[in-house]
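Data block for work_5.cif (mmCIF, C-alpha atoms):
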```cif
data_query
#
loop_
_atom_site.label_atom_id
_atom_site.label_comp_id
_atom_site.auth_asym_id
_atom_site.auth_seq_id
_atom_site.Cartn_x
_atom_site.Cartn_y
_atom_site.Cartn_z
CA MET A 1 0.48 19.71 -19.55
CA LYS A 2 -1.77 17.54 -17.44
CA ILE A 3 -1.10 13.82 -17.18
CA GLU A 4 -3.73 11.60 -15.61
CA ILE A 5 -3.29 7.99 -14.58
CA LEU A 6 -6.66 6.28 -14.61
CA GLY A 7 -6.75 3.31 -12.31
CA MET A 8 -8.42 1.99 -9.22
CA GLY A 9 -5.36 1.17 -7.19
CA CYS A 10 -4.20 -2.03 -8.84
CA ALA A 11 -0.55 -2.96 -8.73
CA THR A 12 0.00 -2.14 -12.40
CA CYS A 13 -1.71 1.23 -11.94
CA ASN A 14 0.75 2.18 -9.22
CA LYS A 15 3.64 1.01 -11.36
CA LEU A 16 2.35 3.20 -14.18
CA GLU A 17 2.28 6.21 -11.87
CA ASP A 18 5.88 5.58 -10.83
CA THR A 19 6.97 5.23 -14.44
CA VAL A 20 5.15 8.42 -15.44
CA ARG A 21 6.70 10.38 -12.60
CA GLN A 22 10.11 9.16 -13.58
CA ALA A 23 9.50 10.05 -17.21
CA VAL A 24 8.43 13.53 -16.18
CA LYS A 25 11.53 13.94 -14.06
CA GLU A 26 13.87 12.66 -16.72
CA THR A 27 12.47 14.81 -19.48
CA GLY A 28 12.34 17.83 -17.23
CA SER A 29 8.71 18.42 -18.20
CA ASP A 30 6.60 20.66 -16.00
CA ALA A 31 3.59 18.37 -16.40
CA GLN A 32 1.19 17.89 -13.55
CA VAL A 33 0.62 14.23 -12.68
CA ASP A 34 -2.65 13.04 -11.15
CA HIS A 35 -3.75 9.56 -10.20
CA ILE A 36 -7.51 9.32 -10.78
CA THR A 37 -9.19 6.57 -8.78
CA ASP A 38 -12.80 7.77 -9.01
CA ILE A 39 -14.60 5.28 -11.23
CA LYS A 40 -17.03 7.92 -12.46
CA LYS A 41 -14.21 10.08 -13.74
CA ILE A 42 -12.48 7.07 -15.26
CA MET A 43 -15.64 6.04 -17.07
CA ALA A 44 -16.06 9.55 -18.38
CA TYR A 45 -13.03 8.80 -20.51
CA GLY A 46 -14.76 5.71 -21.81
CA VAL A 47 -11.91 3.36 -21.06
CA MET A 48 -12.75 -0.17 -20.03
CA THR A 49 -9.33 -1.38 -19.06
CA THR A 50 -7.11 0.01 -16.39
CA PRO A 51 -4.57 1.35 -16.03
CA ALA A 52 -5.09 3.98 -18.67
CA LEU A 53 -3.12 7.10 -19.36
CA ALA A 54 -4.61 10.41 -20.43
CA ILE A 55 -2.66 13.45 -21.49
CA ASP A 56 -4.51 16.77 -21.54
CA GLY A 57 -7.82 14.92 -21.44
CA LYS A 58 -6.98 12.57 -24.26
CA VAL A 59 -6.50 8.85 -23.69
CA VAL A 60 -3.17 7.71 -25.07
CA ALA A 61 -2.91 4.22 -23.62
CA ALA A 62 -5.31 1.77 -21.98
CA GLY A 63 -5.01 -1.62 -20.38
CA LYS A 64 -1.26 -1.81 -20.51
CA LEU A 65 1.88 -0.52 -18.98
CA PRO A 66 3.74 1.51 -21.58
CA SER A 67 7.50 1.51 -21.28
CA LEU A 68 9.42 4.43 -19.87
CA ALA A 69 10.70 5.26 -23.35
CA ASP A 70 7.16 5.25 -24.78
CA ILE A 71 5.88 7.53 -22.04
CA LYS A 72 8.77 9.91 -22.57
CA LYS A 73 7.87 10.05 -26.24
CA MET A 74 4.22 10.74 -25.36
CA ILE A 75 4.99 13.67 -23.13
CA GLY A 76 7.82 14.73 -25.36
CA GLY A 77 10.94 16.47 -24.21
CA LYS A 78 10.59 20.04 -23.11
CA MET B 79 17.02 12.95 -30.54
CA ASN B 80 14.00 11.38 -32.12
CA GLU B 81 16.05 9.83 -34.86
CA CYS B 82 18.48 8.12 -32.60
CA CYS B 83 15.79 6.46 -30.55
CA SER B 84 13.63 5.24 -33.35
CA THR B 85 16.48 3.38 -35.04
CA ASP B 86 17.51 1.97 -31.71
CA ASN B 87 13.99 0.75 -31.13
CA SER B 88 13.53 -0.95 -34.46
CA GLU B 89 16.81 -2.77 -34.07
CA LYS B 90 15.76 -4.08 -30.72
CA LYS B 91 12.44 -5.21 -32.13
CA LYS B 92 14.10 -7.04 -34.99
CA ILE B 93 16.17 -9.09 -32.59
CA ASN B 94 13.12 -9.85 -30.49
CA TYR B 95 11.33 -10.94 -33.62
CA TYR B 96 13.81 -13.66 -34.48
CA ILE B 97 14.76 -15.09 -31.10
CA PRO B 98 11.57 -17.16 -30.58
CA PHE B 99 11.89 -18.76 -33.99
CA PHE B 100 15.49 -19.81 -33.46
CA LEU B 101 14.48 -21.39 -30.18
CA ILE B 102 11.66 -23.54 -31.57
CA PRO B 103 13.78 -26.52 -32.82
CA ILE B 104 15.84 -26.58 -29.63
CA VAL B 105 12.74 -26.55 -27.48
CA VAL B 106 11.08 -29.30 -29.50
CA VAL B 107 14.14 -31.55 -29.14
CA ILE B 108 14.35 -30.96 -25.40
CA TYR B 109 10.65 -31.61 -24.99
CA PHE B 110 10.65 -34.96 -26.75
CA PHE B 111 13.82 -36.33 -25.19
CA LEU B 112 13.05 -35.02 -21.74
CA GLU B 113 11.77 -38.24 -20.22
CA GLU B 114 14.67 -40.34 -21.47
CA GLY B 115 17.11 -37.68 -20.42
CA VAL B 116 15.71 -37.44 -16.91
CA ASN B 117 15.60 -41.23 -16.57
CA PHE B 118 19.22 -41.43 -17.66
CA PHE B 119 20.21 -38.67 -15.27
CA VAL B 120 18.44 -40.18 -12.25
CA TYR B 121 19.08 -43.89 -12.81
CA GLU B 122 22.45 -43.93 -14.55
CA MET B 123 24.29 -40.79 -13.53
CA LEU B 124 23.05 -40.46 -9.98
CA LYS B 125 22.82 -44.25 -9.73
CA MET B 126 19.70 -44.06 -7.62
CA ASP B 127 17.70 -47.09 -6.56
CA LYS B 128 14.83 -47.57 -8.98
CA SER B 129 12.43 -48.89 -6.37
CA SER B 130 12.88 -46.24 -3.69
CA HIS B 131 10.29 -43.58 -2.96
CA LEU B 132 12.89 -40.86 -3.01
CA THR B 133 14.02 -41.77 -6.51
CA GLU B 134 10.45 -41.70 -7.77
CA ALA B 135 9.83 -38.29 -6.20
CA ILE B 136 13.05 -36.84 -7.59
CA ARG B 137 12.47 -38.25 -11.07
CA PHE B 138 8.93 -36.86 -11.07
CA PHE B 139 10.17 -33.42 -10.07
CA PHE B 140 12.97 -33.26 -12.63
CA TYR B 141 10.71 -34.43 -15.39
CA ASP B 142 7.61 -32.34 -14.72
CA THR B 143 9.22 -29.00 -13.94
CA PRO B 144 10.99 -28.42 -17.28
CA LYS B 145 8.09 -29.96 -19.18
CA VAL B 146 5.59 -27.57 -17.66
CA PHE B 147 7.85 -24.57 -18.15
CA ILE B 148 8.43 -25.37 -21.82
CA LEU B 149 4.71 -25.74 -22.43
CA LEU B 150 3.95 -22.63 -20.43
CA THR B 151 6.40 -20.49 -22.36
CA VAL B 152 5.23 -21.69 -25.76
CA ILE B 153 1.49 -21.44 -25.07
CA VAL B 154 1.63 -18.12 -23.24
CA PHE B 155 3.66 -16.72 -26.11
CA VAL B 156 1.15 -17.86 -28.71
CA VAL B 157 -1.83 -16.73 -26.64
CA GLY B 158 -0.11 -13.38 -26.10
CA ILE B 159 0.06 -12.91 -29.87
CA ILE B 160 -3.57 -13.97 -30.35
CA ARG B 161 -4.69 -11.64 -27.54
CA SER B 162 -3.11 -8.67 -29.26
CA TYR B 163 -5.88 -8.96 -31.86
CA PHE B 164 -8.57 -8.58 -29.20
CA SER B 165 -9.52 -5.77 -26.85
CA PRO B 166 -12.41 -5.18 -24.47
CA GLU B 167 -13.54 -2.32 -26.68
CA LYS B 168 -13.79 -4.55 -29.73
CA THR B 169 -15.50 -7.26 -27.68
CA ARG B 170 -18.08 -4.77 -26.48
CA LYS B 171 -18.79 -3.68 -30.00
CA ALA B 172 -19.20 -7.29 -31.09
CA LEU B 173 -21.64 -8.00 -28.28
CA GLU B 174 -23.84 -4.96 -28.74
CA GLY B 175 -27.37 -5.79 -29.75
CA LYS B 176 -26.89 -9.56 -29.64
CA PRO B 177 -29.92 -11.56 -28.46
CA LEU B 178 -29.67 -13.30 -25.12
CA PHE B 179 -28.54 -16.83 -25.88
CA ALA B 180 -26.31 -16.07 -28.87
CA GLY B 181 -24.88 -13.22 -26.84
CA ASN B 182 -24.00 -15.60 -24.00
CA VAL B 183 -22.21 -17.96 -26.36
CA MET B 184 -20.23 -15.14 -27.93
CA ALA B 185 -19.43 -13.50 -24.62
CA ALA B 186 -18.07 -16.74 -23.17
CA GLY B 187 -15.98 -17.35 -26.28
CA LEU B 188 -14.64 -13.80 -26.34
CA GLY B 189 -13.97 -14.04 -22.61
CA VAL B 190 -11.31 -16.61 -23.33
CA PHE B 191 -9.39 -14.44 -25.77
CA THR B 192 -9.96 -10.89 -24.60
CA PRO B 193 -7.16 -9.65 -22.37
CA PHE B 194 -8.74 -9.33 -18.96
CA CYS B 195 -7.64 -8.84 -15.40
CA THR B 196 -9.90 -8.95 -12.38
CA CYS B 197 -8.69 -5.48 -11.44
CA SER B 198 -10.42 -4.13 -14.58
CA ALA B 199 -13.70 -5.89 -13.82
CA ILE B 200 -15.50 -2.69 -12.76
CA PRO B 201 -14.81 -0.44 -15.74
CA LEU B 202 -15.49 -3.39 -17.99
CA PHE B 203 -18.78 -4.21 -16.32
CA ILE B 204 -19.93 -0.59 -16.48
CA GLY B 205 -18.75 -0.27 -20.04
CA PHE B 206 -20.81 -3.30 -21.04
CA VAL B 207 -23.93 -2.22 -19.16
CA GLU B 208 -23.62 1.30 -20.56
CA SER B 209 -23.77 0.13 -24.14
CA GLY B 210 -26.87 -1.91 -23.47
CA ILE B 211 -25.34 -5.38 -23.28
CA PRO B 212 -27.65 -7.51 -21.09
CA LEU B 213 -26.45 -8.44 -17.61
CA GLY B 214 -26.60 -12.16 -18.38
CA VAL B 215 -24.27 -11.72 -21.35
CA THR B 216 -21.89 -9.62 -19.25
CA PHE B 217 -21.77 -12.37 -16.65
CA SER B 218 -21.01 -15.02 -19.25
CA PHE B 219 -17.94 -12.95 -20.07
CA LEU B 220 -16.99 -12.44 -16.43
CA ILE B 221 -17.23 -16.18 -15.72
CA ALA B 222 -15.33 -17.40 -18.77
CA ALA B 223 -12.51 -14.86 -18.62
CA PRO B 224 -10.84 -16.02 -15.40
CA MET B 225 -11.91 -19.67 -15.50
CA ILE B 226 -10.51 -20.61 -18.89
CA ASN B 227 -7.02 -19.23 -18.86
CA GLU B 228 -3.87 -20.31 -20.61
CA VAL B 229 -2.00 -21.28 -17.47
CA ALA B 230 -4.74 -23.71 -16.43
CA LEU B 231 -4.89 -25.20 -19.91
CA VAL B 232 -1.13 -25.61 -20.15
CA LEU B 233 -0.92 -27.40 -16.85
CA LEU B 234 -3.86 -29.66 -17.61
CA PHE B 235 -2.38 -30.46 -20.99
CA GLY B 236 1.11 -31.08 -19.63
CA LEU B 237 0.14 -33.09 -16.57
CA PHE B 238 -3.10 -34.81 -17.57
CA GLY B 239 -3.07 -34.92 -21.35
CA TRP B 240 -4.99 -33.04 -24.01
CA GLN B 241 -8.30 -34.81 -23.35
CA THR B 242 -8.55 -33.37 -19.86
CA ALA B 243 -7.53 -29.92 -21.06
CA LEU B 244 -10.21 -30.03 -23.74
CA LEU B 245 -12.75 -31.31 -21.24
CA TYR B 246 -11.96 -28.49 -18.88
CA ALA B 247 -12.17 -25.82 -21.56
CA SER B 248 -15.44 -27.08 -23.02
CA THR B 249 -17.24 -27.63 -19.72
CA GLY B 250 -15.91 -24.29 -18.49
CA LEU B 251 -17.38 -22.59 -21.56
CA LEU B 252 -20.66 -24.41 -21.05
CA ILE B 253 -20.86 -23.27 -17.44
CA ALA B 254 -20.14 -19.68 -18.47
CA ILE B 255 -22.78 -19.74 -21.19
CA LEU B 256 -25.52 -21.38 -19.15
CA SER B 257 -24.84 -19.52 -15.90
CA GLY B 258 -24.96 -16.21 -17.75
CA TRP B 259 -28.16 -17.24 -19.48
CA VAL B 260 -29.79 -18.25 -16.18
CA ILE B 261 -28.70 -15.00 -14.52
CA GLY B 262 -30.14 -13.12 -17.49
CA LYS B 263 -33.47 -14.89 -17.06
CA LEU B 264 -33.63 -14.07 -13.36
CA LYS B 265 -34.14 -10.34 -13.99
CA VAL B 266 -31.55 -9.14 -11.55
CA GLU B 267 -31.08 -5.63 -12.98
CA ARG B 268 -32.38 -4.04 -9.79
CA PHE B 269 -29.47 -5.50 -7.84
CA VAL B 270 -26.95 -3.43 -9.72
CA GLU B 271 -25.95 -0.31 -7.81
CA GLU B 272 -28.05 2.62 -9.07
CA TRP B 273 -25.09 4.87 -9.76
CA VAL B 274 -23.84 2.45 -12.37
CA TYR B 275 -26.79 3.32 -14.58
CA GLU B 276 -26.25 7.03 -14.05
CA ILE B 277 -22.70 7.02 -15.29
CA LYS B 278 -22.30 8.65 -18.62
CA ALA B 279 -19.42 6.95 -20.24
CA GLY B 280 -17.51 9.09 -22.64
CA ASP B 281 -16.82 7.98 -26.12
CA PHE B 282 -13.57 6.18 -26.18
CA GLN B 283 -11.44 7.98 -28.67
CA MET B 284 -7.96 6.77 -28.79
CA ALA B 285 -6.14 7.14 -32.03
CA GLU B 286 -6.10 3.68 -33.58
CA GLN B 287 -2.42 2.83 -33.51
CA LYS B 288 -0.90 0.84 -36.25
CA ILE B 289 0.19 -2.46 -34.75
CA THR B 290 2.80 -4.31 -36.72
CA PHE B 291 3.41 -8.03 -36.49
CA ASN B 292 6.65 -7.21 -34.69
CA ASP B 293 4.61 -5.52 -32.00
CA ARG B 294 2.47 -8.62 -31.62
CA ILE B 295 5.53 -10.84 -31.24
CA LEU B 296 6.73 -8.39 -28.64
CA ALA B 297 3.35 -8.59 -26.91
CA GLY B 298 3.64 -12.38 -26.82
CA TRP B 299 7.11 -12.12 -25.39
CA ASN B 300 6.02 -9.63 -22.74
CA ALA B 301 3.18 -11.96 -21.76
CA VAL B 302 5.68 -14.77 -21.24
CA ILE B 303 7.89 -12.63 -19.05
CA GLU B 304 4.97 -11.28 -17.05
CA ILE B 305 3.20 -14.59 -16.47
CA VAL B 306 6.21 -16.81 -15.94
CA SER B 307 7.77 -14.39 -13.48
CA LYS B 308 4.48 -14.34 -11.58
CA VAL B 309 3.67 -18.04 -11.43
CA TRP B 310 6.99 -19.92 -11.52
CA ILE B 311 7.30 -20.12 -7.78
CA TYR B 312 3.81 -21.63 -7.45
CA ILE B 313 4.52 -24.15 -10.16
CA VAL B 314 7.80 -25.29 -8.62
CA ALA B 315 6.23 -25.51 -5.16
CA GLY B 316 3.19 -27.30 -6.56
CA ILE B 317 5.30 -29.84 -8.44
CA ALA B 318 7.51 -30.38 -5.40
CA ILE B 319 4.48 -31.17 -3.25
CA GLY B 320 3.07 -33.26 -6.07
CA ALA B 321 6.36 -35.15 -6.31
CA ALA B 322 6.35 -35.90 -2.60
CA VAL B 323 2.79 -37.19 -2.80
CA HIS B 324 3.71 -39.16 -5.89
CA GLY B 325 6.60 -40.88 -4.19
CA TYR B 326 5.34 -41.36 -0.66
CA VAL B 327 1.56 -41.43 -0.38
CA PRO B 328 0.23 -44.96 -0.82
CA GLN B 329 -1.86 -45.84 -3.85
CA ASN B 330 -5.61 -45.31 -3.41
CA PHE B 331 -5.05 -43.24 -0.31
CA MET B 332 -7.40 -40.55 -1.61
CA ALA B 333 -10.00 -42.95 -2.92
CA SER B 334 -12.09 -42.91 0.22
CA ILE B 335 -12.07 -39.12 0.60
CA MET B 336 -12.08 -37.89 -2.97
CA GLY B 337 -13.06 -41.06 -4.81
CA LYS B 338 -16.13 -41.44 -6.96
CA ASP B 339 -18.03 -43.49 -4.40
CA ALA B 340 -18.06 -40.58 -2.02
CA TRP B 341 -20.81 -38.51 -3.70
CA TRP B 342 -20.53 -35.73 -1.14
CA SER B 343 -16.95 -35.09 -2.19
CA VAL B 344 -18.09 -32.94 -5.15
CA PRO B 345 -20.14 -30.38 -3.20
CA LEU B 346 -17.49 -30.40 -0.51
CA ALA B 347 -14.75 -29.75 -3.04
CA VAL B 348 -16.73 -26.80 -4.46
CA LEU B 349 -17.52 -25.47 -0.98
CA ILE B 350 -13.85 -25.47 -0.07
CA GLY B 351 -12.77 -24.23 -3.49
CA VAL B 352 -14.96 -21.12 -3.82
CA PRO B 353 -13.40 -18.95 -1.08
CA LEU B 354 -9.94 -20.33 -1.82
CA TYR B 355 -7.96 -18.11 -4.08
CA SER B 356 -5.05 -19.53 -5.93
CA ASN B 357 -3.88 -19.38 -9.45
CA ALA B 358 -4.06 -22.52 -11.50
CA ALA B 359 -0.30 -22.78 -11.29
CA GLY B 360 -0.13 -23.89 -7.70
CA ILE B 361 -3.20 -26.05 -7.53
CA ILE B 362 -2.93 -28.27 -10.61
CA PRO B 363 0.34 -30.12 -9.88
CA ILE B 364 -1.04 -31.07 -6.47
CA LEU B 365 -4.28 -32.21 -8.05
CA GLN B 366 -2.36 -34.44 -10.40
CA ALA B 367 -0.81 -36.26 -7.49
CA LEU B 368 -4.16 -36.60 -5.73
CA LEU B 369 -5.79 -37.91 -8.86
CA GLU B 370 -3.09 -40.50 -9.20
CA LYS B 371 -3.80 -41.69 -5.69
CA GLY B 372 -7.43 -42.42 -6.37
CA ALA B 373 -9.24 -39.08 -6.29
CA ALA B 374 -12.03 -38.96 -8.88
CA LEU B 375 -11.60 -36.76 -11.97
CA GLY B 376 -14.96 -35.01 -11.55
CA THR B 377 -14.19 -34.10 -7.98
CA ALA B 378 -10.74 -32.82 -8.87
CA LEU B 379 -12.08 -30.82 -11.82
CA ALA B 380 -14.87 -29.30 -9.73
CA PHE B 381 -12.41 -28.28 -7.06
CA MET B 382 -10.17 -26.62 -9.62
CA MET B 383 -12.96 -24.76 -11.35
CA ALA B 384 -14.23 -23.48 -8.02
CA VAL B 385 -10.79 -22.27 -7.01
CA ILE B 386 -9.99 -20.57 -10.31
CA GLY B 387 -13.43 -19.44 -11.48
CA LEU B 388 -14.83 -17.97 -8.31
CA SER B 389 -12.72 -16.09 -5.84
CA LEU B 390 -13.18 -13.89 -2.83
CA PRO B 391 -11.11 -10.94 -4.13
CA GLU B 392 -13.19 -10.84 -7.31
CA MET B 393 -16.41 -10.79 -5.28
CA ILE B 394 -15.10 -7.94 -3.15
CA ILE B 395 -14.36 -5.96 -6.30
CA LEU B 396 -17.75 -6.76 -7.82
CA ARG B 397 -19.52 -5.80 -4.59
CA LYS B 398 -18.73 -2.17 -5.43
CA ILE B 399 -21.08 -2.29 -8.39
CA ILE B 400 -23.59 -5.03 -7.62
CA LYS B 401 -25.57 -5.68 -4.45
CA LEU B 402 -25.21 -8.73 -2.24
CA PRO B 403 -28.26 -10.63 -3.54
CA LEU B 404 -26.78 -10.61 -7.04
CA ILE B 405 -23.40 -11.72 -5.74
CA ALA B 406 -25.16 -14.59 -3.98
CA VAL B 407 -27.04 -15.47 -7.18
CA PHE B 408 -23.81 -15.28 -9.16
CA ILE B 409 -21.92 -17.59 -6.79
CA SER B 410 -24.73 -20.10 -6.41
CA VAL B 411 -25.52 -20.37 -10.12
CA VAL B 412 -21.88 -20.89 -11.05
CA ALA B 413 -21.22 -23.23 -8.12
CA THR B 414 -24.24 -25.32 -9.12
CA GLY B 415 -22.93 -25.55 -12.66
CA ILE B 416 -19.52 -26.66 -11.41
CA MET B 417 -21.11 -29.30 -9.18
CA ILE B 418 -23.16 -30.69 -12.06
CA VAL B 419 -19.99 -30.97 -14.15
CA GLY B 420 -18.26 -32.75 -11.27
CA PHE B 421 -21.11 -35.24 -10.86
CA ILE B 422 -21.31 -35.94 -14.56
CA PHE B 423 -17.62 -36.71 -14.84
CA ASN B 424 -17.58 -38.93 -11.78
CA TRP B 425 -20.54 -40.75 -13.24
CA ILE B 426 -19.03 -41.18 -16.71
CA TYR B 427 -15.57 -42.31 -15.67
#
```
Would you give me this structure, written as structure tokens?
Amino acid sequence: MKIEILGMGCATCNKLEDTVRQAVKETGSDAQVDHITDIKKIMAYGVMTTPALAIDGKVVAAGKLPSLADIKKMIGGK
Amino acid sequence: MNECCSTDNSEKKKINYYIPFFLIPIVVVIYFFLEEGVNFFVYEMLKMDKSSHLTEAIRFFFYDTPKVFILLTVIVFVVGIIRSYFSPEKTRKALEGKPLFAGNVMAAGLGVFTPFCTCSAIPLFIGFVESGIPLGVTFSFLIAAPMINEVALVLLFGLFGWQTALLYASTGLLIAILSGWVIGKLKVERFVEEWVYEIKAGDFQMAEQKITFNDRILAGWNAVIEIVSKVWIYIVAGIAIGAAVHGYVPQNFMASIMGKDAWWSVPLAVLIGVPLYSNAAGIIPILQALLEKGAALGTALAFMMAVIGLSLPEMIILRKIIKLPLIAVFISVVATGIMIVGFIFNWIY
């Protein structure tokens, strides 16, 4: 699984990355986490609000910071 | 595992759903008896001298702080719920294909309600441009969104009364509409970085999630926690400074510097206000005190709009997508609008 955090380095974006990494650790998922800061790549997803979260190329959240529990549900246990 | 968590979640949400409604009567009572209560506390319980400066300052502080926090919590909560009905994506769809002037009006109005943070200005700008929304309309949005915010309105309402809050909101909207319209007329498209036009934005395809009313209440609640935890320190500091000014600075002290007879005070206030970056929370309580000491309303309003509406960090972010001439146009058009508002109010009052 590939998890991408789409954000241009705002405070919330970094918080989202931390939360995602923790969720990955806690669920024991082998997902690969990337923080995308290139605006061109972000726009390719069509999101207009950051931070956004994409899993396997599909946007699952935009413009908000989902809770740890929500993220865990998104990536699912192993 | 799924079962356990979903029941747990819904229970939590149910509790969250009811708490605000239980609190309403309590809050209303506190709000309306606050002044009497504080007077009783300061004059009768602490037995402080009614005529001393210190008493006045302390009374001011103990009265204004809870009042502002009550208003802030209630309004941010309500606005948080309203905002959950809006999104930049929906706003973009609404603005597509709108003619220039009507588009400016809509964009400014939507700017007030669409959740927006300066850090998202770039994807939003590109997203708008991509779908063919004119630059002028986009700017109307970008001007209105930060300038007319709930924190500013709450503080104006709480410290100056509803007339001033309304005045601020309506003139702010007017500035956003007209500035955007002027920028649109100036044909500034060539000052947008070329790569912006080359970006091929993907179709945004997020599964439309069902949002229940519980979720919206939760969104309102989260907004309260987020905003109050961010601005409380500025509000307390601002009110403390305001209280000191209230108690100690002589009446009419500011009249000569910020009074209505000093015409140059408006452009000066804007000039100082533009590079300054502060949230409304810190600046308004201080303004209240200044106003009380003889500063003119137009000057104070112009200063506030310049501080909140235009800021250096926002310009630095925007510089990544638009070239300097357009930034200069943007700042000067908006600053001119703010100055006109300042002059008009000094002239009327």
- Report as a list in words the residues that result from applying the PyMOL selection byres ((chain A and resi 7) around 6) to the structure here.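 That selection, the PyMOL selection byres ((chain A and resi 7) around 6), comes back as Leu6, Met8, Gly9, Cys13, Thr37, Thr50 and Pro51 of chain A.
The set of residues that the PyMOL selection byres ((chain A) within 7 of (chain B)) takes from this file is Cys10, Lys40, Met43, Ala44, Tyr45, Gly46, Val47, Met48, Thr49, Thr50, Val59 and Val60 of chain A.
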- Message: I'd like the contact shell of stretch 116-123 of chain B - 8 Å cut-off, only C-alpha atoms, skipping same-chain residues fewer than 6 positions apart - returned as a VMD selection string.
- Response: chain B and resid 133 136 to 137 140 to 141
- Task: Pick out the closest residue to A:Ile39 from this set: B:Val302, B:Ile399, B:Val412, B:Val419. Count only C-alpha atoms.
- Result: B:Ile399
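Closest approach to A:Val24 from the set A:Gly63, A:Lys41, A:Ala54, A:Lys2 is made by A:Lys2, with distances taken over only C-alpha atoms.
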- Message: What's the separation between atom CA of B:Leu237 and atom CA of B:Gly372, in Å to one decimal place?
- Response: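 About the pair atom CA of B:Leu237 and atom CA of B:Gly372: they are 15.8 Å apart.
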- Record the distance separating atom CA of B:Ser129 and atom CA of B:Gly325, expressed in Å with one decimal. 10.1 Å
- Near A:Gly28, within 12 Å and counting all atoms listed in the file, which residues show up once chain neighbours fewer than 3 positions away are dropped, as a PyMOL selection string? chain A and resi 20-25+31-32+72+75-78
Using all atoms listed in the file, what residues lie at most 10 Å away from (-1.2, -16.2, -25.1) (file coordinates), given as a short mmCIF file (atom, residue, chain, number, x, y, z; two decimals) with C-alpha atoms, keeping the file's coordinate frame?
```cif
data_model
loop_
_atom_site.label_atom_id
_atom_site.label_comp_id
_atom_site.auth_asym_id
_atom_site.auth_seq_id
_atom_site.Cartn_x
_atom_site.Cartn_y
_atom_site.Cartn_z
CA LEU B 150 3.95 -22.63 -20.43
CA THR B 151 6.40 -20.49 -22.36
CA VAL B 152 5.23 -21.69 -25.76
CA ILE B 153 1.49 -21.44 -25.07
CA VAL B 154 1.63 -18.12 -23.24
CA PHE B 155 3.66 -16.72 -26.11
CA VAL B 156 1.15 -17.86 -28.71
CA VAL B 157 -1.83 -16.73 -26.64
CA GLY B 158 -0.11 -13.38 -26.10
CA ILE B 159 0.06 -12.91 -29.87
CA ILE B 160 -3.57 -13.97 -30.35
CA ARG B 161 -4.69 -11.64 -27.54
CA SER B 162 -3.11 -8.67 -29.26
CA PHE B 191 -9.39 -14.44 -25.77
CA PRO B 193 -7.16 -9.65 -22.37
CA ASN B 227 -7.02 -19.23 -18.86
CA GLU B 228 -3.87 -20.31 -20.61
CA VAL B 229 -2.00 -21.28 -17.47
CA ALA B 297 3.35 -8.59 -26.91
CA GLY B 298 3.64 -12.38 -26.82
CA TRP B 299 7.11 -12.12 -25.39
CA ALA B 301 3.18 -11.96 -21.76
CA VAL B 302 5.68 -14.77 -21.24
CA ILE B 305 3.20 -14.59 -16.47
#
```
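The two atoms in question, atom CA of B:Ile362 and atom CA of B:Ser248, are spaced 17.7 Å apart.
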- Message: Can you pull out the residues contacting B:Phe269? Cut-off 12 Å, using all atoms listed in the file, and skip same-chain residues under 2 positions away; I want them as an MDAnalysis selection string.
- Response: chainID B and resid 213 261 264:267 271:275 396:408
Now that the selection is made, can you save its residues with C-alpha atoms as an mmCIF file, keeping the file's coordinate frame?
```cif
data_model
loop_
_atom_site.group_PDB
_atom_site.id
_atom_site.type_symbol
_atom_site.label_atom_id
_atom_site.label_comp_id
_atom_site.auth_asym_id
_atom_site.auth_seq_id
_atom_site.Cartn_x
_atom_site.Cartn_y
_atom_site.Cartn_z
ATOM 1 C CA LEU B 213 -26.450 -8.440 -17.610
ATOM 2 C CA ILE B 261 -28.700 -15.000 -14.520
ATOM 3 C CA LEU B 264 -33.630 -14.070 -13.360
ATOM 4 C CA LYS B 265 -34.140 -10.340 -13.990
ATOM 5 C CA VAL B 266 -31.550 -9.140 -11.550
ATOM 6 C CA GLU B 267 -31.080 -5.630 -12.980
ATOM 7 C CA GLU B 271 -25.950 -0.310 -7.810
ATOM 8 C CA GLU B 272 -28.050 2.620 -9.070
ATOM 9 C CA TRP B 273 -25.090 4.870 -9.760
ATOM 10 C CA VAL B 274 -23.840 2.450 -12.370
ATOM 11 C CA TYR B 275 -26.790 3.320 -14.580
ATOM 12 C CA LEU B 396 -17.750 -6.760 -7.820
ATOM 13 C CA ARG B 397 -19.520 -5.800 -4.590
ATOM 14 C CA LYS B 398 -18.730 -2.170 -5.430
ATOM 15 C CA ILE B 399 -21.080 -2.290 -8.390
ATOM 16 C CA ILE B 400 -23.590 -5.030 -7.620
ATOM 17 C CA LYS B 401 -25.570 -5.680 -4.450
ATOM 18 C CA LEU B 402 -25.210 -8.730 -2.240
ATOM 19 C CA PRO B 403 -28.260 -10.630 -3.540
ATOM 20 C CA LEU B 404 -26.780 -10.610 -7.040
ATOM 21 C CA ILE B 405 -23.400 -11.720 -5.740
ATOM 22 C CA ALA B 406 -25.160 -14.590 -3.980
ATOM 23 C CA VAL B 407 -27.040 -15.470 -7.180
ATOM 24 C CA PHE B 408 -23.810 -15.280 -9.160
#
```
- Query: Written as a PyMOL selection string, which residues does the PyMOL selection byres ((chain B and resi 420) around 10) give for the file shown?
  - Reply: chain B and resi 249+338+341+343-345+347-348+374-381+383+414-419+421-425
- Option closest in space to A:Lys15, from A:Lys58, A:Ile3, A:Lys64, A:Lys73 [counting all atoms listed in the file]: A:Lys64
- Just the residues within 9 Å of B:Ile148, please, counting only C-alpha atoms, with nothing from its chain fewer than 6 positions along; format it as a PyMOL selection string. chain B and resi 105+108-109
